[in-house]
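All remarks here apply to the structure that follows.
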Amino acid sequence: MLKLIIGNKNYSSWSMRPWLALRANDIPFEEVFIPLYTNQTDKDRILGFSDSGKVPALIDGDVTVWDSLAIMEYLAEKFPDAGLWPADRAARAHARAISAEMHSGFMALRNECGMNLHRPIRAVALSDDARANAARIQDIWADCHARYGKQGPFLFGAFGAADAMYAPVVHRFRTYAIPVKGEAQQYVDAMSALPAFQQWTQEGLAETLVIDRFEHV
Ligand SMILES: N[C@@H](CCC(=O)N[C@@H](CS)C(=O)NCC(=O)O)C(=O)O
């Protein structure tokens, strides 16, 4: 049985990504929750699974894969029928490029609008960089919709790895009241209707642990 080590569902956007990829495809796995930013004991538990000291980590027998994007690649190889990457090579390259862009970029938006599901909805004054990040993400979604929208409501038609990578942004746009326009709103609606996305959200909202440093934004 695969084991996915995750942090708080309320806060851990990196944990959310591979969890969604697994759950949305009905791939069985055991979930191991370790509260983030609590004490050395919890940190040591994370280190017991991954030398990176970070979540998520996927354990498959004697294979450990850490880092969300590497986990996505591992799952795509292990479960080819799940279609985590598009079958078409050009679309697959596109999906990998936008996933990498999410993984390595949008720092201003990520720093200024950390995922926090239970945060009361409230706009904050965003920096120019964060506003540019939000616009770029919406352009990515609109471009995918224009190219692949006939195949389904997700970025490349059916739900895949790129969607899992962008899913936490849907929460950020909502809780920080960032305006979403046109096709990007259709994408937000499709993601919000996905049962796996709803399950993560409900379980995150049910958590009572509070990480103080993420609460004053
Ligand atoms: N690049 C990593 C980032 C992982 C990461 O930063 N995880 C955070 C939680 S969302 C973490 O484990 N923080 C705990 C710590 O640093 O002690 C990925 O894509 O998986």
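Following the order of the structure tokens, chains are lettered A, B, ..., residues in each are numbered from 1, and ligands are numbered from 1.
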Counting only C-alpha atoms and all ligand atoms, what are the residues of chain A within 6 Å of ligand 1, and for each of them which pair of atoms is the nearest and at what distance in Å, to one decimal? Sort the table by chain and rising number, as a tab-separated table.
```
residue	atom	partner	partner_atom_place_in_ligand_line	distance
A:Ser12	CA	ligand 1	10 (S)	3.9
A:Ser13	CA	ligand 1	10 (S)	5.3
A:Trp14	CA	ligand 1	10 (S)	4.6
A:Leu36	CA	ligand 1	14 (C)	5.5
A:Tyr37	CA	ligand 1	17 (O)	5.7
A:Lys54	CA	ligand 1	12 (O)	3.2
A:Val55	CA	ligand 1	12 (O)	3.9
A:Pro56	CA	ligand 1	20 (O)	5.3
A:Asp67	CA	ligand 1	20 (O)	3.3
A:Ser68	CA	ligand 1	20 (O)	3.8
A:Leu69	CA	ligand 1	19 (O)	5.8
```
Notebook entry, point to check: Which residues come within 9 Å of region 197-202 of chain A, counting only C-alpha atoms, excluding same-chain residues fewer than 3 positions away, as a list in words?
Noted result: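 Surrounding residues, per the criterion: Lys9, Asn10, Met16, Trp19, Leu20, Arg23, Ala24, Leu117, Ala167, His171, Met191, Ser192, Ala193, Leu194, Leu205, Ala206 and Glu207 of chain A.
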Output of the above residues as a short mmCIF file (atom, residue, chain, number, x, y, z; two decimals), in the first residue's frame, restricted to C-alpha atoms:
```cif
data_model
loop_
_atom_site.label_atom_id
_atom_site.label_comp_id
_atom_site.auth_asym_id
_atom_site.auth_seq_id
_atom_site.Cartn_x
_atom_site.Cartn_y
_atom_site.Cartn_z
CA LYS A 9 -4.81 20.04 5.20
CA ASN A 10 -5.73 23.59 6.16
CA MET A 16 -2.61 18.81 -1.26
CA TRP A 19 -3.05 13.79 -2.39
CA LEU A 20 -5.51 15.11 -5.01
CA ARG A 23 -7.71 10.59 -4.57
CA ALA A 24 -9.16 11.96 -7.81
CA LEU A 117 -8.68 27.31 4.17
CA ALA A 167 -5.60 23.37 -7.23
CA HIS A 171 -8.32 28.41 -2.57
CA MET A 191 -12.16 22.47 -9.59
CA SER A 192 -14.59 23.43 -6.84
CA ALA A 193 -17.00 20.73 -8.04
CA LEU A 194 -14.37 17.97 -8.01
CA LEU A 205 -11.79 23.07 7.46
CA ALA A 206 -12.47 20.45 10.13
CA GLU A 207 -8.93 20.74 11.48
#
```
Next item on the list: Would you mind writing down, as a list in words, each residue of region 53-203 of chain A that DSSP on the backbone assigns to strand (DSSP E)?
Entry: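 Taking region 53-203 of chain A and keeping strand (DSSP E) only, one gets Ala57, Leu58, Ile59, Asp60, Val63, Thr64, Val65 and Trp66 of chain A.
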Note to self: Ranking A:Tyr148, A:Phe106, A:Phe156, A:Phe29 by minimum distance to Gly83 (chain A) and counting only C-alpha atoms, which one comes first?
What the structure shows: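 Comparing A:Tyr148, A:Phe106, A:Phe156, A:Phe29 against Gly83 (chain A), the winner is A:Phe156.
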Item checked: region 141-145 of chain A environment, 10 Å, only C-alpha atoms, sequence neighbours closer than 2 positions dropped, as a ChimeraX atom specification -> /A:91,94-95,98,135-139,147-157,163,166,181-188
Check: To one decimal place, how far is CA of Ser99 (chain A) from CA of Pro18 (chain A) in Å?
Finding: 12.4 Å
Next item on the list: Could you give me, as a PyMOL selection string, each residue of region 61-191 of chain A that DSSP assigns to alpha helix (DSSP H) when run on this structure's backbone?
Entry: chain A and resi 68-78+89-104+107-112+128-148+161-175+182-191
Note to self: Using only C-alpha atoms for the distances, tell me which of A:Ala123, A:Val217, A:Ile211, A:Ala162 is nearest to Asn39 (chain A).
What the structure shows: A:Ile211
Check: When you draw a straight line from CA of Leu84 (chain A) to CA of Pro179 (chain A), how long is it in Å?
Finding: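 It comes out at 28.7 Å.
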Check: For Ala57 (chain A), which of A:Val32, A:Ile5, A:Ala90, A:Ala97 is the closest residue, counting only C-alpha atoms?
Finding: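 Nearest to Ala57 (chain A): A:Ile5.
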Check: Can you list, as a PyMOL selection string, every protein, DNA or RNA residue that comes within 10 Å of Phe79 (chain A) when you count only C-alpha atoms, leaving out same-chain residues fewer than 4 positions away?
Finding: chain A and resi 22+25+27+73-75+83-84
Any chance you can output those residues with C-alpha atoms as a short mmCIF file (atom, residue, chain, number, x, y, z; two decimals), in the first residue's frame?
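Final file, part.cif:
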```cif
data_model
loop_
_atom_site.label_atom_id
_atom_site.label_comp_id
_atom_site.auth_asym_id
_atom_site.auth_seq_id
_atom_site.Cartn_x
_atom_site.Cartn_y
_atom_site.Cartn_z
CA LEU A 22 -4.19 10.01 -5.87
CA ASN A 25 -7.98 8.80 -9.53
CA ILE A 27 -5.66 5.13 -6.25
CA GLU A 73 6.07 11.94 -12.06
CA TYR A 74 6.39 8.74 -10.04
CA LEU A 75 2.61 8.31 -9.91
CA GLY A 83 -3.55 9.74 -17.42
CA LEU A 84 -1.89 12.21 -15.08
#
```
Next item on the list: Go through A:Arg172, A:His216, A:Arg45, A:Arg17 and flag the residue nearest Gly114 (chain A), using only C-alpha atoms for the distances.
Entry: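 So, comparing all the options, the nearest one is A:Arg172.
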Note to self: So, with only C-alpha atoms as the atoms that count, which of A:Ala100, A:Met72, A:Ala93, A:Ile6 lies closest to Phe33 (chain A)?
What the structure shows: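 Using only C-alpha atoms, Phe33 (chain A) sits closest to A:Ile6.
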Next item on the list: Go through A:Ser104, A:Asp88, A:Val65, A:Lys43 one by one, measure the shortest atom-to-atom distance of each to Met165 (chain A) using only C-alpha atoms, and give the residue with the smallest value.
Entry: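 The shortest atom-to-atom distance to Met165 (chain A) comes from A:Ser104.
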